>>> print(open('input.txt').read())   # compact mmCIF, C-alpha atoms
# COMPACT_ATOMS: atom_id res chain seq x y z
CA MET A 1 24.79 0.62 -15.05
CA VAL A 2 23.07 2.36 -12.14
CA GLU A 3 22.38 -0.96 -10.40
CA ALA A 4 26.05 -1.98 -10.77
CA PHE A 5 27.16 1.34 -9.28
CA VAL A 6 24.76 1.04 -6.32
CA ARG A 7 25.85 -2.54 -5.64
CA GLN A 8 29.49 -1.41 -5.68
CA VAL A 9 28.77 1.39 -3.20
CA VAL A 10 26.83 -0.98 -0.93
CA GLU A 11 29.69 -3.50 -0.91
CA HIS A 12 31.95 -0.91 0.72
CA ALA A 13 29.40 0.73 3.00
CA SER A 14 29.71 0.46 6.76
CA GLU A 15 26.74 -0.80 8.77
CA HIS A 16 27.46 1.57 11.65
CA SER A 17 28.20 4.69 9.62
CA SER A 18 26.17 7.77 10.46
CA GLU A 19 27.21 9.76 7.39
CA TRP A 20 24.19 11.51 5.94
CA GLN A 21 25.03 10.41 2.38
CA GLN A 22 24.89 6.74 3.35
CA GLU A 23 21.72 7.23 5.38
CA ALA A 24 20.07 8.94 2.40
CA LEU A 25 21.18 6.10 0.10
CA LEU A 26 19.79 3.44 2.46
CA ARG A 27 16.47 5.30 2.78
CA GLY A 28 16.23 5.54 -1.01
CA LEU A 29 16.95 1.84 -1.37
CA ALA A 30 14.32 1.00 1.26
CA ARG A 31 11.78 3.20 -0.50
CA ASP A 32 12.45 1.24 -3.70
CA GLY A 33 12.04 -2.08 -1.89
CA TYR A 34 15.69 -3.09 -1.29
CA VAL A 35 17.62 -3.92 1.86
CA VAL A 36 21.34 -4.25 2.50
CA ILE A 37 22.63 -7.57 3.84
CA TRP A 38 25.48 -6.55 6.15
CA THR A 39 28.46 -8.87 6.63
CA ASP A 40 31.34 -9.08 9.06
CA GLY A 41 33.80 -7.51 6.62
CA ARG A 42 35.33 -10.72 5.27
CA GLN A 43 32.67 -10.84 2.55
CA PRO A 44 31.22 -7.79 0.74
CA ASN A 45 27.81 -6.48 1.73
CA SER A 46 25.03 -7.33 -0.70
CA LEU A 47 21.73 -5.93 -1.85
CA ARG A 48 18.50 -7.88 -2.06
CA MET A 49 14.86 -7.14 -2.76
CA ALA A 50 12.75 -6.82 0.38
CA LEU A 51 9.50 -7.35 -1.52
CA PRO A 52 8.35 -9.61 -4.36
CA GLY A 53 9.60 -8.42 -7.73
CA GLU A 54 6.05 -8.26 -9.05
CA ILE A 55 5.38 -5.21 -6.87
CA ASP A 56 8.20 -3.25 -8.60
CA LEU A 57 7.93 -0.17 -6.38
CA PRO A 58 10.00 2.22 -8.52
CA ALA A 59 7.71 1.49 -11.47
CA ALA A 60 4.64 1.81 -9.22
CA ASP A 61 5.85 5.21 -8.00
CA ASP A 62 6.48 6.36 -11.59
CA GLU A 63 3.07 5.13 -12.74
CA VAL A 64 1.27 6.79 -9.82
CA HIS A 65 3.00 10.10 -10.58
CA LEU A 66 2.14 9.83 -14.29
CA LEU A 67 -1.52 9.02 -13.60
CA LEU A 68 -1.88 11.79 -11.02
CA LYS A 69 -0.57 14.24 -13.63
CA HIS A 70 -2.81 12.70 -16.32
CA PHE A 71 -5.93 13.28 -14.22
CA ALA A 72 -4.62 16.67 -12.96
CA PHE A 73 -4.93 15.50 -9.34
CA THR A 74 -2.60 18.26 -8.18
CA THR A 75 -3.52 18.14 -4.48
CA SER A 76 -2.79 14.46 -3.99
CA LEU A 77 0.33 14.75 -6.19
CA SER A 78 1.64 17.53 -3.95
CA HIS A 79 1.03 15.47 -0.80
CA LEU A 80 2.75 12.42 -2.33
CA ASP A 81 5.78 14.51 -3.28
CA GLN A 82 5.92 15.94 0.25
CA ALA A 83 5.68 12.42 1.72
CA VAL A 84 8.58 11.21 -0.44
CA GLU A 85 10.66 14.30 0.43
CA ALA A 86 10.01 13.81 4.16
CA HIS A 87 10.89 10.11 3.87
CA THR A 88 14.11 10.98 2.02
CA ARG A 89 15.28 13.30 4.80
CA GLY A 90 14.27 10.80 7.51
CA ASP A 91 11.36 12.83 8.92
CA TRP A 92 9.12 9.84 9.58
CA ALA A 93 6.30 11.62 11.39
CA ALA A 94 5.92 14.23 8.66
CA ALA A 95 6.05 11.52 5.98
CA ASN A 96 3.34 9.49 7.77
CA SER A 97 1.09 12.54 7.95
CA GLN A 98 1.55 13.29 4.24
CA ILE A 99 0.99 9.64 3.23
CA ARG A 100 -2.42 9.60 4.92
CA THR A 101 -3.31 13.01 3.47
CA PHE A 102 -2.20 11.81 0.02
CA LEU A 103 -4.57 8.82 0.05
CA GLU A 104 -7.42 10.84 1.50
CA GLY A 105 -6.88 13.52 -1.15
CA LEU A 106 -6.66 10.93 -3.91
CA LEU A 107 -10.04 9.38 -3.05
CA ASP A 108 -11.54 12.87 -2.75
CA GLU A 109 -10.24 13.81 -6.20
CA ILE A 110 -11.53 10.55 -7.65
CA ALA A 111 -14.95 11.29 -6.14
CA PHE A 112 -14.96 14.79 -7.67
CA SER A 113 -13.85 13.29 -10.98
CA VAL A 114 -16.64 10.68 -11.25
CA ALA A 115 -19.53 12.62 -9.68
CA PRO A 116 -18.60 16.30 -9.22
CA SER A 117 -21.93 17.74 -8.06
CA LYS A 118 -22.69 14.86 -5.70
CA ALA A 119 -19.17 14.96 -4.22
CA GLN A 120 -19.47 18.73 -3.73
CA SER A 121 -22.66 18.28 -1.71
CA LEU A 122 -21.00 15.88 0.73
CA GLY A 123 -19.34 17.43 3.75
CA SER A 124 -16.49 15.03 4.47
CA SER A 125 -13.95 12.72 2.88
CA GLU A 126 -15.55 9.78 4.68
CA ASN A 127 -18.90 10.59 3.03
CA ARG A 128 -17.23 10.86 -0.37
CA ARG A 129 -15.60 7.44 0.13
CA ALA A 130 -19.03 6.01 0.99
CA MET A 131 -20.35 7.64 -2.19
CA LEU A 132 -17.64 5.87 -4.23
CA ALA A 133 -18.89 2.55 -2.83
CA GLY A 134 -22.55 3.27 -3.54
CA ASN A 135 -24.52 1.12 -5.99
CA ASP A 136 -24.84 3.98 -8.48
CA ILE A 137 -21.04 4.42 -8.72
CA GLY A 138 -19.45 1.22 -7.40
CA PHE A 139 -15.85 2.43 -7.64
CA LEU A 140 -15.01 0.89 -4.26
CA GLY A 141 -16.12 -2.72 -4.20
CA VAL A 142 -18.30 -3.85 -1.32
CA LYS A 143 -18.08 -7.51 -2.45
CA ARG A 144 -14.28 -7.21 -2.57
CA ASN A 145 -14.35 -5.90 1.03
CA GLU A 146 -12.85 -2.60 -0.05
CA TRP A 147 -15.72 -0.79 1.69
CA SER A 148 -18.43 -1.72 4.16
CA PRO A 149 -21.02 0.38 6.01
CA ASP A 150 -19.95 -1.11 9.37
CA GLY A 151 -16.38 0.19 9.07
CA LYS A 152 -14.81 -3.28 8.77
CA SER A 153 -13.21 -3.05 5.35
CA PHE A 154 -9.85 -2.62 3.67
CA ILE A 155 -10.24 1.16 3.28
CA HIS A 156 -11.37 1.64 6.89
CA GLY A 157 -8.52 -0.52 8.19
CA LEU A 158 -5.99 1.25 5.97
CA PHE A 159 -6.99 4.70 7.21
CA LYS A 160 -7.00 3.53 10.83
CA MET A 161 -3.48 2.17 10.37
CA LEU A 162 -2.30 5.33 8.62
CA HIS A 163 -3.80 7.51 11.37
CA THR A 164 -1.56 6.11 14.11
CA ASP A 165 1.94 7.51 14.71
CA GLY A 166 1.11 10.45 12.47
CA SER A 167 2.49 13.92 12.90
CA HIS A 168 3.70 13.49 16.48
CA PRO A 169 7.52 13.45 16.66
CA GLY A 170 9.22 10.26 17.76
CA LEU A 171 6.25 7.97 17.32
CA SER A 172 7.38 6.22 14.15
CA THR A 173 10.32 4.28 12.79
CA GLU A 174 11.90 4.08 9.36
CA ASP A 175 10.52 0.57 8.76
CA ASN A 176 7.02 1.61 9.78
CA CYS A 177 7.08 4.71 7.60
CA THR A 178 8.52 2.86 4.59
CA PHE A 179 5.83 0.18 4.93
CA ARG A 180 3.12 2.86 4.90
CA LEU A 181 4.61 4.47 1.81
CA HIS A 182 4.75 1.12 0.00
CA VAL A 183 1.13 0.28 0.88
CA ALA A 184 0.00 3.75 -0.20
CA LEU A 185 1.76 3.53 -3.57
CA VAL A 186 0.42 0.07 -4.41
CA THR A 187 -3.11 1.04 -3.32
CA ALA A 188 -3.02 4.31 -5.24
CA ARG A 189 -1.81 2.54 -8.37
CA MET A 190 -4.72 0.09 -8.17
CA PHE A 191 -7.31 2.88 -7.84
CA LEU A 192 -5.75 5.09 -10.52
CA ARG A 193 -5.60 2.19 -12.97
CA ARG A 194 -9.25 1.46 -12.22
CA LEU A 195 -10.17 5.07 -12.91
CA ARG A 196 -8.14 5.13 -16.15
CA GLU A 197 -9.80 1.95 -17.38
CA GLY A 198 -13.28 3.27 -16.53
CA ARG A 199 -14.07 0.35 -14.23
CA ILE A 200 -16.70 2.21 -12.22
>>> encode(input="input.txt", output="structure tokens")
Amino acid sequence: MVEAFVRQVVEHASEHSSEWQQEALLRGLARDGYVVIWTDGRQPNSLRMALPGEIDLPAADDEVHLLLKHFAFTTSLSHLDQAVEAHTRGDWAAANSQIRTFLEGLLDEIAFSVAPSKAQSLGSSENRRAMLAGNDIGFLGVKRNEWSPDGKSFIHGLFKMLHTDGSHPGLSTEDNCTFRLHVALVTARMFLRRLREGRI
């Protein structure tokens, strides 16, 4: 029912409209992994998935929120909610900043969850991420290239990418910000599932 309603609204939307309601709708659709295919007016506009269906971003977002609440990771949950709110209102720089802080906070909270005293003794988030990759914990896989001591790993690359165009106004675009949010949600879901399943 909801999908039929959204498709009906999209059919009659105008590509060049600057009405805030339409902009908010398009941002919400983008956040959920959909794009509008604009036409010349002779045919109705249409909606299509921008990402493979297997990713299922709305479900990923719901699952991440549920798991954050399950583990009582209130700090990272708050940053994720702020990132989504900033994305919804089109404040790309603020959203980018909160997305990075969300992932950093999530890995910190995972570290405190699996080894509280050791995590407490470490002075930085970077050190706690290294701890999660250590042989005694092994939450972040070195063999899977999730972490490496030389800084050439998925996690290092992800944080470097998330660090650019951060909280400085005008340095980001909607597409760039939406991409970051999608990557953050899919990555967070993978780590939270791993924690839930005890694969450490």
>>> closest_residue(input="input.txt", among="A:Trp147, A:Trp38, A:Trp20, A:Phe191", to="Leu68 in chain A", atoms="all atoms listed in the file")
A:Phe191
>>> residues_around(input="input.txt", residues="range 116-119 of chain A", least_positions_apart="6", cutoff="9 Å", atoms="all atoms listed in the file", output="list in words")
Asp108, Asn127, Arg128 and Met131 of chain A
>>> atom_distance(input="input.txt", atom1="CA of Lys160 in chain A", atom2="CA of Asn176 in chain A")
14.2 Å
>>> residues_around(input="input.txt", residues="Glu174 in chain A", least_positions_apart="4", cutoff="12 Å", atoms="all atoms listed in the file", output="PyMOL selection string")
chain A and resi 23-24+26-28+30-31+86-96+165+170+178-181
>>> atom_distance(input="input.txt", atom1="CA of Asp40 in chain A", atom2="CA of Ser14 in chain A")
9.9 Å
>>> closest_residue(input="input.txt", among="A:Leu140, A:Ile110, A:Leu103, A:Val186", to="Ala72 in chain A", atoms="all atoms listed in the file")
A:Ile110
>>> atom_distance(input="input.txt", atom1="CA of Asp175 in chain A", atom2="CA of Leu67 in chain A")
26.8 Å
>>> closest_residue(input="input.txt", among="A:Arg129, A:Arg144, A:His163, A:Arg194", to="Gln98 in chain A", atoms="all atoms listed in the file")
A:His163
>>> residues_around(input="input.txt", residues="Phe73 in chain A", least_positions_apart="3", cutoff="12 Å", atoms="all atoms listed in the file", output="PyMOL selection string")
chain A and resi 64-70+76-80+102-103+105-113+192
>>> residues_around(input="input.txt", residues="Gly141 in chain A", least_positions_apart="6", cutoff="12 Å", atoms="all atoms listed in the file", output="PyMOL selection string")
chain A and resi 129-135+147-149+153-155+191+194+199-200
>>> closest_residue(input="input.txt", among="A:Ser125, A:Glu11, A:Val114, A:Ile137", to="Arg196 in chain A", atoms="all atoms listed in the file")
A:Val114
>>> residues_around(input="input.txt", residues="Asn45 in chain A", least_positions_apart="4", cutoff="10 Å", atoms="only C-alpha atoms", output="list in words")
Arg7, Gln8, Val9, Val10, Glu11, His12, Ala13, Ser14, Glu15, Val36, Ile37, Trp38, Thr39, Asp40 and Gly41 of chain A
>>> write_last_selection(input="input.txt", atoms="C-alpha atoms", output="short mmCIF file (atom, residue, chain, number, x, y, z; two decimals), in the frame of the given file")
data_model
loop_
_atom_site.label_atom_id
_atom_site.label_comp_id
_atom_site.auth_asym_id
_atom_site.auth_seq_id
_atom_site.Cartn_x
_atom_site.Cartn_y
_atom_site.Cartn_z
CA ARG A 7 25.85 -2.54 -5.64
CA GLN A 8 29.49 -1.41 -5.68
CA VAL A 9 28.77 1.39 -3.20
CA VAL A 10 26.83 -0.98 -0.93
CA GLU A 11 29.69 -3.50 -0.91
CA HIS A 12 31.95 -0.91 0.72
CA ALA A 13 29.40 0.73 3.00
CA SER A 14 29.71 0.46 6.76
CA GLU A 15 26.74 -0.80 8.77
CA VAL A 36 21.34 -4.25 2.50
CA ILE A 37 22.63 -7.57 3.84
CA TRP A 38 25.48 -6.55 6.15
CA THR A 39 28.46 -8.87 6.63
CA ASP A 40 31.34 -9.08 9.06
CA GLY A 41 33.80 -7.51 6.62
#
